[in-house]
Amino acid sequence: MEHEKAVKEALNALYHHPDDTVRVADNLLHDSSSNLETLIFCSQTLRSKVQRDFEELPPGAFQKLRESLTTLLKKFHKGPPKVRTQISIAVAALAVHVPAADWGDSGIVSWLRDEMNMHPEYVPGFLELLTVLPEETFNYKIAARPDRRRQFENELTSQMEAALSILTACLNITELKEQVLEAFASWLRLRHGIPGAVLACHPLVHAALSSLNCDPLSEASVNVISELIHYTASPSSGGISAQTPLIQVIVPQILSLKAHLRDSSKDEEDVKAIGRLFADVGDSYVELIAAGSDESMVIVHALLEVTSHPEFDIASMTFNFWHSLQLTLTKRDSYSSLGSEASVEAERNRRQHIFRPAYESLVSLVSVSSDTPQVGFRVQYPEDYQGLSYEDLKEFKQTRYAVADVLIDAALILGGDTTLKILYMKLLEANAQTGNNFQEWRPAEAILFCIWAISNYVSVVEAEVMPQVMALLQNLPQQAQLLQTACLLVGAYSKWLNAAPASVSILPSIIRILMSGMGTSEDCAAAAALAFRHICDDCRKNLCGYFEDLYTIYCMAINGAGGYKVSAEDSLNLVEALGMVVTELPLDQARSALEKLCFSVASPLEEAAKEDLDKKHARELTVHIDRFAFLFRYVNHPEAVAAEINKHWAIFRVIFDARPWDMRTMESLCRACKYAVRTSGRYIINTIGEMLAKIQFHYQQHHQPCFLYLSSEVIKIFGSDPSCADYLKNLIESLFAHTTCLMTSIKEVTARPDIADDCFLLASRCLRYCPHLFIPSPIFSQIVDCAIIGMTVQHREACHSILTFLSDVFDLEKSVNEEQFVRIRDSVMIPRGATITRILISSLAGALPSSRLDTVTYTLLALTRTYGSQAVGWAKESVSLIPRTAVTETESAKFLQALSDVTYGADVNSLIGHAEELSDVCRRNRTVQELVQAALKPLELNLVAPVS
């Protein structure tokens with residue numbers, strides 16, 4: 001018991017008392033008897049406390065803490081690296097917190113130099129500190145104010161020369177060379193503008209370059225060269241033109257490493273490092289390379305060498321370069337300095353002509369190639385694909401999609417038709433190598449995948465290759481993966497099929513391929529169903545005469561006849577496909593076709609209704625209701641859809657009444673009703689009344705959120721229809737009255753986020769489509785109060801809907817230009833303005849996650865634009881509540897000034913920036929955040945009585 005008590009007291013001290021934490025952790029680190037686990041734990045604790053809770057330490061703690069940390073840094077200069085790193089980070093965090101003057105005349109770098117001069121035996125520990133200093137500049141775990149963080153960055157950049165001087169002096173110590181170079185790389189990340197001519201002859205740069213010839217390759221040198229490349233391309237360093245002397249030193253050294261890429265004796269990690277340097281050169285200098293000079297083509301050929309490497313991790317390093325180069329070659333901005341369109345077009349053609357051979361090679365490298373069979377695995381199924389684990393299969397698919405992106409880049413330079421021709425030649429080569437009719441299916445499948453990838457870039461009038469590809473598909477072996485890719489390819493080229501001169505004669509054989517796919521495997525059936533949808537979408541006019549045949553296929557698929565393996569979810573693609581074909585039929589034929597489809601959907605529901613619907617599993621009903629939804633959505637014949645919903649309303653009514661408690665069934669049913677309303681419009685007027693009555697009645701008992709989103713759709717379609725005004729007014733007041741009763745506290749809003757989300761989406765729709773029913777109603781003020789209660793709900797979608805509704809209320813004049821509504825709005829919002837403002841500022845300051853800053857800031861902006869100086873006054877009242885220890889007078893004034901400037905039309909970005917800064921200040925650590933929230937009290941609402 002005594003041991004347990006001691007442990008509890010120690011943990012309490014470590015986690016809850018900053019001063020005790022530092023003292024306890026510090027004592028244990030100084031204790032020579034502490035084991036490694038204790039040292040690691042205490043060093044991490046000490047680092048964390050200095051980062052987050054330095055402000056809470058007693059005044060004058062800095063000197064003692066610095067002395068203790070310095071002593072520890074010396075103690076562990078050759079000790080466990082993990083411990084030394086944590087102590088170094090703690091010292092760096094201390095430097096971020098306190099002004100440079102506290103370290104002496106010139107800040108921490110000068111202090112560090114003096115320490116190293118006085119204690120050369122401890123240089124390794126001090127080098128670690130010098131390495132982490134620049135890295136901690138951008139570490140937002142350190143609870144420093146934004147102003148202080150910027151000051152620290154300026155302090156370090158002003159001491160760049162001193163830091164490099166220290167590192168240069170340390171180069172003479174051979175065993176520290178790697179550590180010196182790592183520290184140099186770290187300082188380069190500050191991107192401070194040292195002239196390229198200075199760096200080009202700097203000893204640190206030459207030390208890094210000379211180490212590139214080491215075997216094994218120096219990781220630290222590679223990091224330095226990589227950072228130098230990024231440094232030369234950084235605007236803050238003056239950009240490429242200012243850094244030309246340095247570039248002329250670096251690039252030839254990197255290019256000299258090209259031969260190592262194919263050296264089988266080289267360690268894989270070394271080859272990876274060399275590939276990384278080539279990729280960095282390509283990414284950083286892509287605009288220079290795009291000019292197409294002889295020098296730049298040397299780099300391009302080196303990058304092709306990297307792309308050809310059999311290890312995908314190495315080859316894929318270049319993929320970003322090929323994408324960036326494609327963008328640079330094709331985008332208009334790259335040629336803006338040339339002036340006339342003729343000059344632009346001429347230069348674009350010249351550059352693309354230069355790079356065409358490189359992109360032609362690229363297509364061969366990333367697809368299956370007879371010349372480089374070792375790279376075929378990138379898109380080709382491995383021989384043991386059936387034994388791949390889930391993770392391996394996932395990685396393989398990600399690799400294929402990465403290659404697909406590269407092929408798209410190539411197609412944008414070469415043209416889709418040319419890229420297709422290259423791939424087709426590879427397909428013929430694969431066929432010749434593996435025997436006719438693709439008895440070895442994997443190479444063929446890989447090439448078909450590549451042809452699928454570029455489908456959007458092949459012209460619909462291509463007449464040389466695609467007819468041969470389509471003919472070839474009909475003779476493929478019935479292998480599942482091969483057939484799946486063939487189905488995907490067919491769907492991807494549906495626009496080409498529609499435009500093909502022989503479209504009508506090709507389509508039956510193409511549909512036979514899809515039918516074969518539906519009976520092969522579930523994945524293959526899914527691909528076939530998707531392709532079926534694409535073909536019926538793009539070839540619908542050509543398929544109008546085949547409705548009966550398509551309907552037969554559909555019935556077989558959904559009933560599982562003929563061995564079809566189409567899942568219920570994938571069957572919706574078939575429903576959508578038929579809906580698109582029905583849309584193209586004349587109205588009389590469309591009515592007949594839709595009636596037939598709806599009957600096949602309704603029959604199983606009517607059979608189910610004869611039994612006890614209560615005992616049915618939701619899936620037994622939703623699978624059919626969802627098909628209704630897709631028919632109502634995709635058959636664009638309003639009268640025909642209205643006739644079917646009216647005809648089948650009886651079964652809908654039965655399900656509404658039998659299962660209002662079942663969320664899944666109600667969501668499915670409401671979705672079907674939503675699409676019926678959306679498609680039919682006024683033609684559904686006879687059913688709307690009863691539909692709304694069902695929603696209103698069942699919502700009172702079961703509070704299903706889907707009743708609210710169905711109501712939103714009805715409001716959108718019928719909100720301005722005078723004949724529906726009574727229905728809708730009654731609906732709105734009933735739904736909102738019950739919702740506000742459900743959500744009288746933030747706890748209740750948090751418990752029902754879906755209802756909150758759909759409720760305020762509906763409220764925003766009411767503002768837009770039927771303000772005359774909503775704003776004058778007593779329910780308007782009640783729903784505003786409910787929004788205020790729920791503003792700080794943590795659920796992302798619910799919070800967004802609530803804040804958007806409030807923004808819409810403030811922005812009312814944008815959608816409704818009627819003075820009477822504005823007066824009512826103001827009578828409701830002005831008495832609540834101070835409370836809303838306080839909660840919004842509290843949300844910026846930590847009541848909501850920082851990911852919501854944009855939405856919160858826009859709501860505050862809308863409020864300020866609407867109520868001007870009055871809103872600024874509310875904000876001043878709120879900000880004045882925050883203790884000055886948390887937010888200083890200066891920080892408050894900057895934010896309030898930005899808010900005030902907005903009322904006079906200032907740039908919104910200024911407010912966004914100052915809101916982010918206020919947020920950063922208030923969230924810098926848990927103690928400050930709790931202090932601010934305790935002051936602003938976002939859950940104490942002080943609401944006025946509802947306005948009638």
# chains A, B, ... in the order shown; residues from 1 in each chain; ligands from 1

call {"tool": "residues_around", "arguments": {"residues": "Ala643 (chain A)", "least_positions_apart": "2", "cutoff": "12 Å", "atoms": "only C-alpha atoms", "output": "ChimeraX atom specification"}}
result
/A:590-592,594-595,598,632,637-641,645-649,676-677,679-687

call {"tool": "write_last_selection", "arguments": {"atoms": "N, CA, C and O atoms", "output": "compact mmCIF listing (two decimals), in the first residue's frame"}}
result
# COMPACT_ATOMS: atom_id res chain seq x y z
N ALA A 590 -42.13 4.86 -72.15
CA ALA A 590 -41.46 5.03 -70.86
C ALA A 590 -42.40 4.66 -69.72
O ALA A 590 -41.98 4.00 -68.75
N ARG A 591 -43.66 5.06 -69.83
CA ARG A 591 -44.65 4.71 -68.80
C ARG A 591 -44.76 3.19 -68.66
O ARG A 591 -44.76 2.63 -67.56
N SER A 592 -44.85 2.54 -69.81
CA SER A 592 -44.99 1.09 -69.81
C SER A 592 -43.75 0.42 -69.23
O SER A 592 -43.84 -0.52 -68.42
N LEU A 594 -41.43 1.76 -67.21
CA LEU A 594 -41.26 2.07 -65.79
C LEU A 594 -42.27 1.27 -64.96
O LEU A 594 -41.95 0.80 -63.86
N GLU A 595 -43.47 1.12 -65.49
CA GLU A 595 -44.49 0.34 -64.79
C GLU A 595 -44.00 -1.10 -64.59
O GLU A 595 -44.15 -1.68 -63.51
N CYS A 598 -41.18 -1.04 -61.94
CA CYS A 598 -41.71 -0.78 -60.60
C CYS A 598 -42.51 -1.98 -60.08
O CYS A 598 -42.49 -2.29 -58.88
N PHE A 632 -36.81 6.24 -59.40
CA PHE A 632 -37.37 7.58 -59.30
C PHE A 632 -36.31 8.65 -59.57
O PHE A 632 -36.62 9.74 -60.03
N HIS A 637 -38.76 11.21 -66.42
CA HIS A 637 -40.10 11.42 -66.98
C HIS A 637 -41.00 11.78 -65.80
O HIS A 637 -41.59 10.87 -65.17
N PRO A 638 -41.11 13.06 -65.43
CA PRO A 638 -41.84 13.45 -64.22
C PRO A 638 -43.24 12.86 -64.11
O PRO A 638 -43.63 12.36 -63.04
N GLU A 639 -43.99 12.87 -65.22
CA GLU A 639 -45.37 12.36 -65.16
C GLU A 639 -45.38 10.86 -64.88
O GLU A 639 -46.19 10.37 -64.09
N ALA A 640 -44.47 10.13 -65.54
CA ALA A 640 -44.43 8.67 -65.37
C ALA A 640 -44.02 8.31 -63.93
O ALA A 640 -44.60 7.41 -63.31
N VAL A 641 -43.04 9.03 -63.38
CA VAL A 641 -42.59 8.77 -62.01
C VAL A 641 -43.72 9.09 -61.03
O VAL A 641 -43.98 8.35 -60.08
N ILE A 645 -45.36 6.56 -58.22
CA ILE A 645 -45.35 6.77 -56.77
C ILE A 645 -46.79 6.82 -56.26
O ILE A 645 -47.10 6.32 -55.17
N ASN A 646 -47.69 7.40 -57.05
CA ASN A 646 -49.10 7.41 -56.66
C ASN A 646 -49.67 5.99 -56.62
O ASN A 646 -50.40 5.62 -55.70
N LYS A 647 -49.28 5.20 -57.62
CA LYS A 647 -49.79 3.83 -57.71
C LYS A 647 -49.29 2.96 -56.55
O LYS A 647 -50.02 2.13 -56.01
N HIS A 648 -48.04 3.18 -56.17
CA HIS A 648 -47.43 2.33 -55.15
C HIS A 648 -47.39 2.99 -53.77
O HIS A 648 -46.73 2.46 -52.86
N TRP A 649 -48.07 4.12 -53.64
CA TRP A 649 -48.06 4.80 -52.35
C TRP A 649 -48.65 3.91 -51.24
O TRP A 649 -48.23 3.99 -50.09
N ALA A 676 -38.55 10.78 -55.63
CA ALA A 676 -39.85 10.92 -56.30
C ALA A 676 -40.28 12.37 -56.33
O ALA A 676 -40.75 12.89 -57.36
N VAL A 677 -40.12 13.05 -55.20
CA VAL A 677 -40.47 14.48 -55.11
C VAL A 677 -39.59 15.29 -56.05
O VAL A 677 -40.07 16.16 -56.79
N THR A 679 -37.91 14.42 -58.77
CA THR A 679 -38.13 14.17 -60.20
C THR A 679 -39.52 14.62 -60.65
O THR A 679 -39.68 15.24 -61.71
N SER A 680 -40.53 14.34 -59.83
CA SER A 680 -41.91 14.58 -60.26
C SER A 680 -42.36 16.02 -60.13
O SER A 680 -43.21 16.49 -60.89
N GLY A 681 -41.81 16.73 -59.15
CA GLY A 681 -42.24 18.12 -58.95
C GLY A 681 -43.73 18.20 -58.68
O GLY A 681 -44.29 17.43 -57.90
N ARG A 682 -44.40 19.11 -59.38
CA ARG A 682 -45.81 19.36 -59.12
C ARG A 682 -46.72 18.20 -59.50
O ARG A 682 -47.87 18.13 -59.06
N TYR A 683 -46.21 17.27 -60.31
CA TYR A 683 -47.03 16.13 -60.71
C TYR A 683 -47.37 15.23 -59.51
O TYR A 683 -48.28 14.42 -59.58
N ILE A 684 -46.61 15.38 -58.42
CA ILE A 684 -46.82 14.51 -57.25
C ILE A 684 -47.70 15.19 -56.21
O ILE A 684 -47.86 14.68 -55.10
N ILE A 685 -48.31 16.30 -56.57
CA ILE A 685 -49.04 17.14 -55.61
C ILE A 685 -50.11 16.36 -54.85
O ILE A 685 -50.38 16.62 -53.67
N ASN A 686 -50.72 15.37 -55.51
CA ASN A 686 -51.81 14.63 -54.86
C ASN A 686 -51.32 13.76 -53.70
O ASN A 686 -52.09 13.43 -52.79
N THR A 687 -50.07 13.37 -53.76
CA THR A 687 -49.53 12.47 -52.73
C THR A 687 -48.82 13.24 -51.61
O THR A 687 -48.65 12.71 -50.51

call {"tool": "atom_distance", "arguments": {"atom1": "CA of Gln468 (chain A)", "atom2": "CA of Ala502 (chain A)"}}
result
12.6 Å

call {"tool": "closest_residue", "arguments": {"among": "A:Ile839, A:Leu448, A:Val460, A:Leu393", "to": "Pro938 (chain A)", "atoms": "only C-alpha atoms"}}
result
A:Ile839

call {"tool": "closest_atom_pairs", "arguments": {"of": "region 911-934 of chain A", "to": "region 48-61 of chain A", "cutoff": "9 Å", "atoms": "only C-alpha atoms", "output": "CSV"}}
result
residue,atom,partner,partner_atom,distance
A:Arg924,CA,A:Arg52,CA,7.4
A:Asn925,CA,A:Arg52,CA,5.6
A:Arg926,CA,A:Arg52,CA,8.1
A:Thr927,CA,A:Asp53,CA,8.0

call {"tool": "residues_around", "arguments": {"residues": "Thr903 (chain A)", "least_positions_apart": "6", "cutoff": "12 Å", "atoms": "only C-alpha atoms", "output": "PyMOL selection string"}}
result
chain A and resi 860-873+896-897+911

call {"tool": "atom_distance", "arguments": {"atom1": "CA of Val24 (chain A)", "atom2": "CA of Trp103 (chain A)"}}
result
25.0 Å

call {"tool": "residues_around", "arguments": {"residues": "Trp452 (chain A)", "least_positions_apart": "3", "cutoff": "6 Å", "atoms": "only C-alpha atoms", "output": "PyMOL selection string"}}
result
chain A and resi 449+455+489

call {"tool": "write_last_selection", "arguments": {"atoms": "N, CA, C and O atoms", "output": "mmCIF file, in the first residue's frame"}}
result
data_model
loop_
_atom_site.group_PDB
_atom_site.id
_atom_site.type_symbol
_atom_site.label_atom_id
_atom_site.label_comp_id
_atom_site.auth_asym_id
_atom_site.auth_seq_id
_atom_site.Cartn_x
_atom_site.Cartn_y
_atom_site.Cartn_z
ATOM 1 N N PHE A 449 -5.402 -3.159 -68.182
ATOM 2 C CA PHE A 449 -5.546 -2.197 -67.076
ATOM 3 C C PHE A 449 -4.987 -0.837 -67.487
ATOM 4 O O PHE A 449 -5.591 0.201 -67.209
ATOM 5 N N SER A 455 -8.481 5.903 -70.569
ATOM 6 C CA SER A 455 -9.719 5.941 -71.366
ATOM 7 C C SER A 455 -10.247 7.355 -71.587
ATOM 8 O O SER A 455 -10.788 7.658 -72.663
ATOM 9 N N LEU A 489 -12.822 -2.024 -68.580
ATOM 10 C CA LEU A 489 -12.384 -1.347 -69.807
ATOM 11 C C LEU A 489 -13.578 -1.033 -70.706
ATOM 12 O O LEU A 489 -13.695 0.068 -71.246
#

call {"tool": "residues_around", "arguments": {"residues": "Val828 (chain A)", "least_positions_apart": "3", "cutoff": "9 Å", "atoms": "only C-alpha atoms", "output": "number ranges by chain"}}
result
A: 780-781, 784, 823-825, 831-833, 946-947

call {"tool": "write_last_selection", "arguments": {"atoms": "all heavy atoms", "output": "compact mmCIF listing (two decimals), in the first residue's frame"}}
result
# COMPACT_ATOMS: atom_id res chain seq x y z
N PHE A 780 -39.43 30.45 -35.19
CA PHE A 780 -38.14 30.98 -35.67
C PHE A 780 -37.21 31.30 -34.50
O PHE A 780 -36.05 30.89 -34.47
CB PHE A 780 -38.36 32.22 -36.54
CG PHE A 780 -37.09 32.88 -36.99
CD1 PHE A 780 -36.18 32.21 -37.79
CD2 PHE A 780 -36.79 34.18 -36.60
CE1 PHE A 780 -35.00 32.82 -38.19
CE2 PHE A 780 -35.62 34.80 -37.00
CZ PHE A 780 -34.72 34.11 -37.80
N SER A 781 -37.71 32.03 -33.52
CA SER A 781 -36.86 32.40 -32.37
C SER A 781 -36.48 31.15 -31.58
O SER A 781 -35.37 31.06 -31.04
CB SER A 781 -37.58 33.41 -31.48
OG SER A 781 -38.77 32.85 -30.95
N VAL A 784 -33.64 29.43 -33.36
CA VAL A 784 -32.41 30.20 -33.16
C VAL A 784 -31.82 29.89 -31.78
O VAL A 784 -30.62 29.66 -31.62
CB VAL A 784 -32.66 31.72 -33.31
CG1 VAL A 784 -31.46 32.52 -32.81
CG2 VAL A 784 -32.96 32.06 -34.77
N ARG A 823 -36.60 42.95 -40.29
CA ARG A 823 -36.96 43.52 -38.98
C ARG A 823 -37.21 42.41 -37.95
O ARG A 823 -36.76 42.50 -36.81
CB ARG A 823 -38.23 44.38 -39.11
CG ARG A 823 -37.97 45.77 -39.66
CD ARG A 823 -39.13 46.69 -39.32
NE ARG A 823 -40.42 46.16 -39.75
CZ ARG A 823 -40.95 46.38 -40.95
NH1 ARG A 823 -40.31 47.12 -41.84
NH2 ARG A 823 -42.12 45.86 -41.27
N ILE A 824 -37.91 41.35 -38.37
CA ILE A 824 -38.16 40.23 -37.45
C ILE A 824 -36.83 39.57 -37.08
O ILE A 824 -36.58 39.27 -35.91
CB ILE A 824 -39.12 39.20 -38.08
CG1 ILE A 824 -40.49 39.82 -38.34
CG2 ILE A 824 -39.25 37.98 -37.18
CD1 ILE A 824 -41.43 38.94 -39.15
N ARG A 825 -35.99 39.35 -38.11
CA ARG A 825 -34.67 38.75 -37.87
C ARG A 825 -33.90 39.55 -36.82
O ARG A 825 -33.36 39.00 -35.86
CB ARG A 825 -33.89 38.70 -39.18
CG ARG A 825 -32.54 37.98 -39.17
CD ARG A 825 -31.33 38.82 -38.79
NE ARG A 825 -31.21 40.08 -39.44
CZ ARG A 825 -30.56 40.30 -40.60
NH1 ARG A 825 -29.97 39.32 -41.21
NH2 ARG A 825 -30.48 41.53 -41.10
N PRO A 831 -31.01 40.90 -29.50
CA PRO A 831 -30.94 40.58 -28.06
C PRO A 831 -30.03 39.39 -27.75
O PRO A 831 -29.57 39.24 -26.62
CB PRO A 831 -32.40 40.25 -27.70
CG PRO A 831 -33.22 40.89 -28.75
CD PRO A 831 -32.40 40.82 -30.01
N ARG A 832 -29.80 38.57 -28.75
CA ARG A 832 -28.96 37.39 -28.55
C ARG A 832 -27.54 37.60 -29.07
O ARG A 832 -26.69 36.71 -28.98
CB ARG A 832 -29.59 36.19 -29.27
CG ARG A 832 -30.93 35.76 -28.69
CD ARG A 832 -31.69 34.90 -29.70
NE ARG A 832 -32.87 34.29 -29.13
CZ ARG A 832 -34.04 34.92 -28.93
NH1 ARG A 832 -34.17 36.22 -29.26
NH2 ARG A 832 -35.08 34.29 -28.39
N GLY A 833 -27.28 38.75 -29.66
CA GLY A 833 -26.00 39.00 -30.34
C GLY A 833 -24.81 38.84 -29.44
O GLY A 833 -23.79 38.23 -29.82
N PRO A 946 -38.22 33.89 -25.73
CA PRO A 946 -38.53 33.77 -27.16
C PRO A 946 -39.38 34.93 -27.66
O PRO A 946 -40.27 35.41 -26.97
CB PRO A 946 -39.28 32.44 -27.25
CG PRO A 946 -38.83 31.67 -26.06
CD PRO A 946 -38.60 32.69 -24.98
N VAL A 947 -39.07 35.37 -28.86
CA VAL A 947 -39.80 36.48 -29.46
C VAL A 947 -41.00 35.95 -30.22
O VAL A 947 -40.88 35.00 -30.99
CB VAL A 947 -38.87 37.26 -30.42
CG1 VAL A 947 -39.62 38.39 -31.08
CG2 VAL A 947 -37.66 37.79 -29.67

call {"tool": "residues_around", "arguments": {"residues": "Gly196 (chain A)", "least_positions_apart": "6", "cutoff": "6 Å", "atoms": "only C-alpha atoms", "output": "CSV table (one decimal) with N, CA and C atoms, in the first residue's frame"}}
result
chain,number,residue,atom,x,y,z
A,243,GLN,N,20.5,31.6,-56.8
A,243,GLN,CA,21.3,30.4,-56.3
A,243,GLN,C,22.0,29.6,-57.4
A,245,PRO,N,25.0,29.8,-58.9
A,245,PRO,CA,26.4,29.3,-58.6
A,245,PRO,C,26.3,28.0,-57.8
A,246,LEU,N,25.4,27.9,-56.8
A,246,LEU,CA,25.3,26.7,-56.0
A,246,LEU,C,24.8,25.5,-56.8

call {"tool": "residues_around", "arguments": {"residues": "Cys539 (chain A)", "least_positions_apart": "5", "cutoff": "12 Å", "atoms": "only C-alpha atoms", "output": "ChimeraX atom specification"}}
result
/A:491,493-500,503-504,506-508,510-511,531-534,544-546,577-578,580-581,584

call {"tool": "write_last_selection", "arguments": {"atoms": "C-alpha atoms", "output": "compact mmCIF listing (two decimals), in the first residue's frame"}}
result
# COMPACT_ATOMS: atom_id res chain seq x y z
CA GLY A 491 -17.40 0.59 -69.25
CA TYR A 493 -14.84 3.27 -73.27
CA SER A 494 -18.64 3.60 -73.34
CA LYS A 495 -18.42 7.00 -75.07
CA TRP A 496 -16.20 5.50 -77.75
CA LEU A 497 -18.68 2.65 -78.18
CA ASN A 498 -21.51 5.13 -78.67
CA ALA A 499 -19.56 7.06 -81.32
CA ALA A 500 -18.22 4.00 -83.17
CA SER A 503 -21.87 0.72 -82.50
CA VAL A 504 -25.20 -1.04 -83.04
CA ILE A 506 -20.78 -4.16 -81.53
CA LEU A 507 -23.07 -3.59 -78.53
CA PRO A 508 -24.70 -7.06 -78.41
CA ILE A 510 -20.08 -6.28 -75.62
CA ILE A 511 -23.14 -6.96 -73.49
CA ALA A 531 -19.84 -1.10 -66.99
CA PHE A 532 -23.48 -1.88 -67.77
CA ARG A 533 -24.43 1.44 -66.17
CA HIS A 534 -21.82 3.39 -68.17
CA CYS A 544 -33.74 1.97 -76.78
CA GLY A 545 -34.78 -0.90 -79.05
CA TYR A 546 -33.24 -3.45 -76.66
CA ALA A 577 -28.72 1.76 -66.21
CA LEU A 578 -32.28 0.78 -67.13
CA MET A 580 -31.31 5.94 -68.20
CA VAL A 581 -32.56 3.88 -71.14
CA GLU A 584 -34.76 8.06 -73.75

call {"tool": "closest_residue", "arguments": {"among": "A:Val601, A:Cys450, A:Ala629, A:Ile783", "to": "Ser764 (chain A)", "atoms": "only C-alpha atoms"}}
result
A:Ile783

call {"tool": "closest_atom_pairs", "arguments": {"of": "region 586-637 of chain A", "to": "region 554-566 of chain A", "cutoff": "12 Å", "atoms": "only C-alpha atoms", "output": "JSON lines"}}
result
{"residue": "A:Lys596", "atom": "CA", "partner": "A:Cys555", "partner_atom": "CA", "distance": 11.1}
{"residue": "A:Leu597", "atom": "CA", "partner": "A:Cys555", "partner_atom": "CA", "distance": 9.4}
{"residue": "A:Phe599", "atom": "CA", "partner": "A:Cys555", "partner_atom": "CA", "distance": 11.8}
{"residue": "A:Ser600", "atom": "CA", "partner": "A:Cys555", "partner_atom": "CA", "distance": 8.4}
{"residue": "A:Val601", "atom": "CA", "partner": "A:Ile558", "partner_atom": "CA", "distance": 10.2}
{"residue": "A:Pro604", "atom": "CA", "partner": "A:Asn559", "partner_atom": "CA", "distance": 11.4}
{"residue": "A:Val623", "atom": "CA", "partner": "A:Ile558", "partner_atom": "CA", "distance": 10.2}
{"residue": "A:His624", "atom": "CA", "partner": "A:Ile558", "partner_atom": "CA", "distance": 10.2}
{"residue": "A:Arg627", "atom": "CA", "partner": "A:Ile558", "partner_atom": "CA", "distance": 10.5}

call {"tool": "write_last_selection", "arguments": {"atoms": "all heavy atoms", "output": "tab-separated table (two decimals), in the first residue's frame"}}
result
chain	number	residue	atom	x	y	z
A	596	LYS	N	-43.37	-1.62	-65.64
A	596	LYS	CA	-42.87	-2.99	-65.57
A	596	LYS	C	-41.77	-3.11	-64.51
A	596	LYS	O	-41.74	-4.05	-63.71
A	596	LYS	CB	-42.31	-3.37	-66.96
A	596	LYS	CG	-42.11	-4.84	-67.19
A	596	LYS	CD	-41.80	-5.07	-68.66
A	596	LYS	CE	-41.72	-6.56	-68.96
A	596	LYS	NZ	-41.49	-6.80	-70.39
A	597	LEU	N	-40.85	-2.13	-64.51
A	597	LEU	CA	-39.75	-2.14	-63.54
A	597	LEU	C	-40.26	-1.98	-62.12
A	597	LEU	O	-39.84	-2.69	-61.20
A	597	LEU	CB	-38.75	-1.02	-63.87
A	597	LEU	CG	-37.83	-1.27	-65.08
A	597	LEU	CD1	-37.16	0.03	-65.51
A	597	LEU	CD2	-36.78	-2.32	-64.73
A	599	PHE	N	-43.19	-2.64	-60.98
A	599	PHE	CA	-43.96	-3.82	-60.57
A	599	PHE	C	-43.01	-4.90	-60.04
A	599	PHE	O	-43.28	-5.55	-59.02
A	599	PHE	CB	-44.78	-4.37	-61.75
A	599	PHE	CG	-45.54	-5.62	-61.41
A	599	PHE	CD1	-46.74	-5.54	-60.70
A	599	PHE	CD2	-45.05	-6.87	-61.79
A	599	PHE	CE1	-47.44	-6.70	-60.37
A	599	PHE	CE2	-45.75	-8.03	-61.47
A	599	PHE	CZ	-46.94	-7.95	-60.75
A	600	SER	N	-41.87	-5.10	-60.73
A	600	SER	CA	-40.91	-6.12	-60.29
A	600	SER	C	-40.31	-5.77	-58.94
A	600	SER	O	-39.91	-6.65	-58.18
A	600	SER	CB	-39.80	-6.30	-61.33
A	600	SER	OG	-38.95	-5.17	-61.35
A	601	VAL	N	-40.23	-4.44	-58.63
A	601	VAL	CA	-39.69	-4.00	-57.33
A	601	VAL	C	-40.77	-4.11	-56.26
A	601	VAL	O	-40.50	-4.53	-55.12
A	601	VAL	CB	-39.17	-2.55	-57.44
A	601	VAL	CG1	-38.75	-2.03	-56.07
A	601	VAL	CG2	-38.01	-2.47	-58.42
A	604	PRO	N	-42.16	-8.03	-54.38
A	604	PRO	CA	-41.65	-8.64	-53.14
A	604	PRO	C	-42.01	-7.85	-51.89
A	604	PRO	O	-42.20	-8.43	-50.82
A	604	PRO	CB	-40.12	-8.66	-53.34
A	604	PRO	CG	-39.84	-7.75	-54.49
A	604	PRO	CD	-41.06	-7.71	-55.32
A	623	VAL	N	-33.50	-3.49	-49.70
A	623	VAL	CA	-32.95	-3.86	-51.00
A	623	VAL	C	-33.92	-3.52	-52.12
A	623	VAL	O	-33.53	-3.11	-53.22
A	623	VAL	CB	-32.56	-5.36	-51.02
A	623	VAL	CG1	-33.78	-6.25	-50.86
A	623	VAL	CG2	-31.81	-5.71	-52.29
A	624	HIS	N	-35.23	-3.65	-51.87
A	624	HIS	CA	-36.24	-3.33	-52.88
A	624	HIS	C	-36.58	-1.84	-52.89
A	624	HIS	O	-36.75	-1.24	-53.95
A	624	HIS	CB	-37.50	-4.16	-52.63
A	624	HIS	CG	-37.24	-5.64	-52.55
A	624	HIS	ND1	-36.78	-6.37	-53.62
A	624	HIS	CD2	-37.34	-6.51	-51.51
A	624	HIS	CE1	-36.63	-7.63	-53.25
A	624	HIS	NE2	-36.96	-7.74	-51.97
A	627	ARG	N	-34.17	0.17	-54.82
A	627	ARG	CA	-34.36	0.10	-56.28
A	627	ARG	C	-35.44	1.08	-56.72
A	627	ARG	O	-35.33	1.71	-57.78
A	627	ARG	CB	-34.71	-1.34	-56.69
A	627	ARG	CG	-33.51	-2.26	-56.57
A	627	ARG	CD	-33.86	-3.72	-56.74
A	627	ARG	NE	-32.68	-4.56	-56.50
A	627	ARG	CZ	-32.72	-5.83	-56.17
A	627	ARG	NH1	-33.90	-6.45	-56.05
A	627	ARG	NH2	-31.61	-6.51	-55.97
